[in-house]
>>> print(open('model09.pdb').read())   # PDB, C-alpha atoms
ATOM      1  CA  MET A 490     -24.312  36.570 -13.984
ATOM      2  CA  ALA A 491     -27.834  36.802 -12.699
ATOM      3  CA  SER A 492     -30.451  34.307 -13.759
ATOM      4  CA  SER A 493     -32.876  35.660 -16.315
ATOM      5  CA  SER A 494     -35.750  33.801 -14.618
ATOM      6  CA  SER A 495     -35.756  36.462 -11.872
ATOM      7  CA  TYR A 496     -37.033  38.885 -14.516
ATOM      8  CA  ASN A 497     -39.829  36.450 -15.499
ATOM      9  CA  SER A 498     -38.263  36.170 -18.919
ATOM     10  CA  PRO A 499     -36.937  32.761 -19.914
ATOM     11  CA  CYS A 500     -33.328  32.436 -20.956
ATOM     12  CA  ALA A 501     -32.561  32.095 -24.668
ATOM     13  CA  ALA A 502     -32.116  28.322 -24.306
ATOM     14  CA  CYS A 503     -35.442  27.694 -22.603
ATOM     15  CA  LYS A 504     -37.191  30.031 -25.010
ATOM     16  CA  PHE A 505     -35.672  28.211 -27.982
ATOM     17  CA  LEU A 506     -36.523  24.793 -26.497
ATOM     18  CA  ARG A 507     -40.025  26.047 -25.545
ATOM     19  CA  ARG A 508     -39.832  25.023 -21.954
ATOM     20  CA  LYS A 509     -40.240  26.796 -18.643
ATOM     21  CA  CYS A 510     -37.048  28.401 -17.337
ATOM     22  CA  LEU A 511     -36.670  27.219 -13.749
ATOM     23  CA  PRO A 512     -34.630  29.133 -11.134
ATOM     24  CA  GLY A 513     -31.777  26.576 -11.272
ATOM     25  CA  CYS A 514     -31.579  26.517 -15.089
ATOM     26  CA  ILE A 515     -28.022  25.694 -16.123
ATOM     27  CA  PHE A 516     -28.360  27.723 -19.330
ATOM     28  CA  ALA A 517     -29.723  30.957 -17.799
ATOM     29  CA  PRO A 518     -26.411  32.553 -16.709
ATOM     30  CA  TYR A 519     -24.775  31.952 -20.089
ATOM     31  CA  PHE A 520     -27.565  32.390 -22.633
ATOM     32  CA  PRO A 521     -29.443  35.604 -21.759
ATOM     33  CA  PRO A 522     -32.760  36.314 -23.507
ATOM     34  CA  GLU A 523     -31.135  39.201 -25.412
ATOM     35  CA  GLU A 524     -28.889  36.753 -27.319
ATOM     36  CA  PRO A 525     -31.192  34.119 -28.839
ATOM     37  CA  GLN A 526     -28.915  33.454 -31.836
ATOM     38  CA  LYS A 527     -26.059  32.451 -29.535
ATOM     39  CA  PHE A 528     -27.972  29.465 -28.187
ATOM     40  CA  ALA A 529     -29.540  28.689 -31.578
ATOM     41  CA  ASN A 530     -26.068  28.255 -33.102
ATOM     42  CA  VAL A 531     -24.779  26.193 -30.162
ATOM     43  CA  HIS A 532     -27.869  23.972 -30.250
ATOM     44  CA  LYS A 533     -27.623  23.507 -34.030
ATOM     45  CA  ILE A 534     -23.972  22.375 -33.862
ATOM     46  CA  PHE A 535     -23.683  20.603 -30.498
ATOM     47  CA  GLY A 536     -27.232  19.897 -29.318
ATOM     48  CA  ALA A 537     -28.846  21.032 -26.062
ATOM     49  CA  SER A 538     -28.417  17.649 -24.381
ATOM     50  CA  ASN A 539     -24.667  17.555 -25.051
ATOM     51  CA  VAL A 540     -24.228  21.131 -23.831
ATOM     52  CA  THR A 541     -26.171  20.315 -20.652
ATOM     53  CA  LYS A 542     -23.956  17.289 -19.986
ATOM     54  CA  LEU A 543     -20.811  19.311 -20.628
ATOM     55  CA  LEU A 544     -21.846  22.155 -18.311
ATOM     56  CA  ASN A 545     -22.853  19.741 -15.539
ATOM     57  CA  GLU A 546     -19.419  18.068 -15.685
ATOM     58  CA  LEU A 547     -17.536  21.359 -15.357
ATOM     59  CA  LEU A 548     -16.838  23.361 -12.241
ATOM     60  CA  PRO A 549     -18.976  26.514 -12.029
ATOM     61  CA  HIS A 550     -16.029  28.872 -12.618
ATOM     62  CA  GLN A 551     -15.144  27.015 -15.859
ATOM     63  CA  ARG A 552     -18.595  27.108 -17.414
ATOM     64  CA  GLU A 553     -18.534  30.633 -18.815
ATOM     65  CA  ASP A 554     -15.299  29.988 -20.716
ATOM     66  CA  ALA A 555     -16.706  26.703 -22.021
ATOM     67  CA  VAL A 556     -19.895  28.391 -23.240
ATOM     68  CA  ASN A 557     -17.880  31.160 -24.913
ATOM     69  CA  SER A 558     -15.758  28.539 -26.686
ATOM     70  CA  LEU A 559     -18.824  26.583 -27.772
ATOM     71  CA  ALA A 560     -20.496  29.762 -29.034
ATOM     72  CA  TYR A 561     -17.385  30.780 -30.986
ATOM     73  CA  GLU A 562     -16.985  27.355 -32.584
ATOM     74  CA  ALA A 563     -20.708  27.141 -33.355
ATOM     75  CA  GLU A 564     -20.718  30.548 -35.039
ATOM     76  CA  ALA A 565     -17.611  29.619 -37.039
ATOM     77  CA  ARG A 566     -19.263  26.326 -38.107
ATOM     78  CA  VAL A 567     -22.391  28.173 -39.210
ATOM     79  CA  ARG A 568     -20.265  30.550 -41.309
ATOM     80  CA  ASP A 569     -17.941  27.861 -42.661
ATOM     81  CA  PRO A 570     -19.433  24.356 -42.243
ATOM     82  CA  VAL A 571     -16.332  22.572 -43.557
ATOM     83  CA  TYR A 572     -13.475  24.196 -41.643
ATOM     84  CA  GLY A 573     -15.160  26.095 -38.799
ATOM     85  CA  CYS A 574     -12.715  27.945 -36.579
ATOM     86  CA  VAL A 575      -9.838  25.902 -38.026
ATOM     87  CA  GLY A 576     -10.336  27.879 -41.240
ATOM     88  CA  ALA A 577      -9.947  31.131 -39.313
ATOM     89  CA  ILE A 578      -6.850  29.829 -37.511
ATOM     90  CA  SER A 579      -5.325  28.643 -40.780
ATOM     91  CA  PHE A 580      -6.034  32.000 -42.427
ATOM     92  CA  LEU A 581      -4.392  33.862 -39.543
ATOM     93  CA  GLN A 582      -1.360  31.537 -39.548
ATOM     94  CA  ARG A 583      -0.833  32.153 -43.280
ATOM     95  CA  GLN A 584      -1.161  35.883 -42.672
ATOM     96  CA  VAL A 585       1.455  35.717 -39.883
ATOM     97  CA  GLN A 586       3.817  33.756 -42.168
ATOM     98  CA  ARG A 587       3.356  36.295 -44.971
ATOM     99  CA  LEU A 588       3.952  39.222 -42.625
ATOM    100  CA  GLN A 589       7.019  37.502 -41.138
ATOM    101  CA  LYS A 590       8.474  37.115 -44.631
ATOM    102  CA  GLU A 591       7.756  40.791 -45.353
ATOM    103  CA  LEU A 592       9.407  41.770 -42.071
ATOM    104  CA  ASP A 593      12.439  39.585 -42.821
ATOM    105  CA  SER A 594      12.719  41.135 -46.271
ATOM    106  CA  ALA A 595      12.470  44.668 -44.885
ATOM    107  CA  ASN A 596      15.075  43.892 -42.214
ATOM    108  CA  ALA A 597      17.358  42.397 -44.842
ATOM    109  CA  ASP A 598      16.958  45.527 -46.954
ATOM    110  CA  LEU A 599      17.803  47.656 -43.928
ATOM    111  CA  LEU A 600      20.801  45.481 -43.167
ATOM    112  CA  ARG A 601      22.100  45.753 -46.724
ATOM    113  CA  TYR A 602      21.443  49.483 -46.737
ATOM    114  CA  ALA A 603      23.355  49.841 -43.468
ATOM    115  CA  TYR A 604      26.336  48.096 -45.070
ATOM    116  CA  ASN A 605      26.028  50.142 -48.275
ATOM    117  CA  ASP A 606      25.818  46.961 -50.352
ATOM    118  CA  ILE A 607      23.080  48.451 -52.524
ATOM    119  CA  SER A 608      21.669  51.877 -53.229
ATOM    120  CA  PRO A 609      18.522  53.003 -51.351
ATOM    121  CA  SER A 610      16.502  53.171 -54.604
ATOM    122  CA  SER A 611      16.742  49.400 -55.217
ATOM    123  CA  LEU A 612      15.649  48.147 -51.792
ATOM    124  CA  THR A 613      12.621  46.184 -53.016
ATOM    125  CA  HIS A 614      14.266  42.906 -54.139
ATOM    126  CA  VAL A 615      17.316  40.842 -53.297
ATOM    127  CA  PRO A 616      19.936  41.291 -56.038
ATOM    128  CA  PRO A 617      20.638  38.050 -57.940
ATOM    129  CA  GLY A 618      24.344  38.008 -56.998
ATOM    130  CA  ILE A 619      23.677  38.070 -53.239
ATOM    131  CA  THR A 620      23.737  34.649 -51.601
ATOM    132  CA  ALA A 621      23.865  33.414 -48.048
ATOM    133  CA  SER A 622      27.658  33.048 -48.271
ATOM    134  CA  THR A 623      28.116  36.705 -49.223
ATOM    135  CA  ILE A 624      25.856  37.954 -46.429
ATOM    136  CA  GLN A 625      26.845  35.643 -43.558
ATOM    137  CA  PRO A 626      30.150  37.447 -42.834
ATOM    138  CA  HIS A 627      28.090  40.623 -42.359
ATOM    139  CA  THR A 628      25.533  39.327 -39.848
ATOM    140  CA  GLN A 629      27.143  41.378 -37.083
ATOM    141  CA  ARG A 630      28.623  44.843 -37.257
ATOM    142  CA  GLN A 631      30.025  46.894 -34.455
ATOM    143  CA  PHE A 632      29.032  50.510 -33.917
ATOM    144  CA  ASN A 633      30.284  53.037 -31.417
ATOM    145  CA  ALA A 634      27.341  54.151 -29.293
ATOM    146  CA  ARG A 635      26.870  57.828 -28.534
ATOM    147  CA  ILE A 636      25.552  58.456 -25.028
ATOM    148  CA  GLY A 637      23.954  61.734 -23.912
ATOM    149  CA  ASN A 638      22.580  64.710 -25.826
ATOM    150  CA  GLU A 639      24.326  66.648 -28.611
ATOM    151  CA  ALA A 640      26.175  69.131 -26.414
ATOM    152  CA  SER A 641      27.411  66.873 -23.623
ATOM    153  CA  GLY A 642      27.429  63.512 -25.352
ATOM    154  CA  PHE A 643      30.437  61.233 -25.443
ATOM    155  CA  TYR A 644      31.280  58.059 -27.300
ATOM    156  CA  ARG A 645      31.351  54.796 -25.395
ATOM    157  CA  GLN A 646      34.651  52.984 -25.777
ATOM    158  CA  SER A 647      33.121  49.509 -25.995
ATOM    159  CA  PRO A 648      31.440  48.822 -29.326
ATOM    160  CA  THR A 649      27.783  47.801 -29.651
ATOM    161  CA  THR A 650      26.932  44.710 -31.699
ATOM    162  CA  PHE A 651      24.117  44.876 -34.254
ATOM    163  CA  SER A 652      22.544  41.587 -35.362
ATOM    164  CA  PHE A 653      19.263  39.924 -36.273
ATOM    165  CA  PRO A 654      18.088  36.980 -34.115
ATOM    166  CA  TYR A 655      16.457  35.088 -37.010
ATOM    167  CA  SER A 656      17.459  33.813 -40.420
ATOM    168  CA  LEU A 657      17.390  36.050 -43.452
ATOM    169  CA  PRO A 658      14.731  35.372 -46.140
ATOM    170  CA  TRP A 659      17.118  34.192 -48.872
ATOM    171  CA  THR A 660      18.645  31.587 -46.549
ATOM    172  CA  ASP A 661      15.220  29.914 -46.230
ATOM    173  CA  THR A 662      15.288  26.671 -48.241
ATOM    174  CA  SER A 663      11.537  26.104 -48.280
ATOM    175  CA  SER A 664       9.869  26.974 -51.560
ATOM    176  CA  GLU A 665       6.326  26.714 -50.208
ATOM    177  CA  ASP A 666       4.066  29.535 -51.275
ATOM    178  CA  ILE A 667       2.101  30.787 -48.296
ATOM    179  CA  ASN A 668      -0.893  31.565 -50.490
ATOM    180  CA  GLU A 669      -1.320  27.879 -51.345
ATOM    181  CA  GLY A 670      -2.752  25.177 -49.130
ATOM    182  CA  GLY A 671      -6.057  24.285 -47.565
ATOM    183  CA  GLY A 672      -8.015  25.662 -44.709
ATOM    184  CA  GLY A 673      -9.296  28.803 -46.395
ATOM    185  CA  GLY A 674     -12.881  29.384 -45.526
ATOM    186  CA  ASN A 675     -15.097  32.342 -46.158
ATOM    187  CA  LEU A 676     -14.352  34.657 -43.266
TER     188      LEU A 676
END
>>> encode(input="model09.pdb", output="structure tokens")
Amino acid sequence: MASSSSYNSPCAACKFLRRKCLPGCIFAPYFPPEEPQKFANVHKIFGASNVTKLLNELLPHQREDAVNSLAYEAEARVRDPVYGCVGAISFLQRQVQRLQKELDSANADLLRYAYNDISPSSLTHVPPGITASTIQPHTQRQFNARIGNEASGFYRQSPTTFSFPYSLPWTDTSSEDINEGGGGGNL
């Protein structure tokens, strides 16, 4: 990144701090004059002196990543002063858990449908009589695989095994609701 002082315009940091932007300014490559809010947030959360010390301790090729991380955390702290980016991470983790449970449920429905245990119209919930002991014998099923197109295809003699590499949702013993818990900020 080119220094903004070559354009006779101070970088966002020097402009915010009301000082002259010198050619060797450590902030100039990372806080261009077009992004004044970026430095304002970083300064508000971390302070210009601390950012200067941090950047001076890092190797030049590491500084841009450090500034991007500081800017992200500072913006998250401005939006959510209590949780910051941890609130965003927590929200995304809960979303992943919820989607994993939905995926497990859909795969279980597909598995039961493939074994004709239930009719296709009632695929939304696990029937009350189904337990882990009734499903476990059915975790693998062998199918003959057809190879080739319709006209010249043939059936492979060795069967193909069909199984899921993770546990089914009704075998999960945790009763934790993923919608409960802390870490939810306004995002």
>>> resolve_selection(input="model09.pdb", expression="the PyMOL selection byres ((chain A and resi 527-529) around 10)", output="ChimeraX atom specification")
/A:500-506,516,519-526,530-534,536-537,556-557,559-561,563-564
>>> atom_distance(input="model09.pdb", atom1="CA of Pro512 in chain A", atom2="CA of Asn497 in chain A")
10.0 Å
>>> atom_distance(input="model09.pdb", atom1="CA of Arg552 in chain A", atom2="CA of Cys514 in chain A")
13.2 Å
>>> atom_distance(input="model09.pdb", atom1="CA of Glu591 in chain A", atom2="CA of Val575 in chain A")
24.2 Å
>>> axis_aligned_box(input="model09.pdb", around="range 508-513 of chain A", padding_each_side="5 Å", output="AutoDock Vina command-line options")
--center_x -36.0 --center_y 27.1 --center_z -16.5 --size_x 18.5 --size_y 14.1 --size_z 20.8
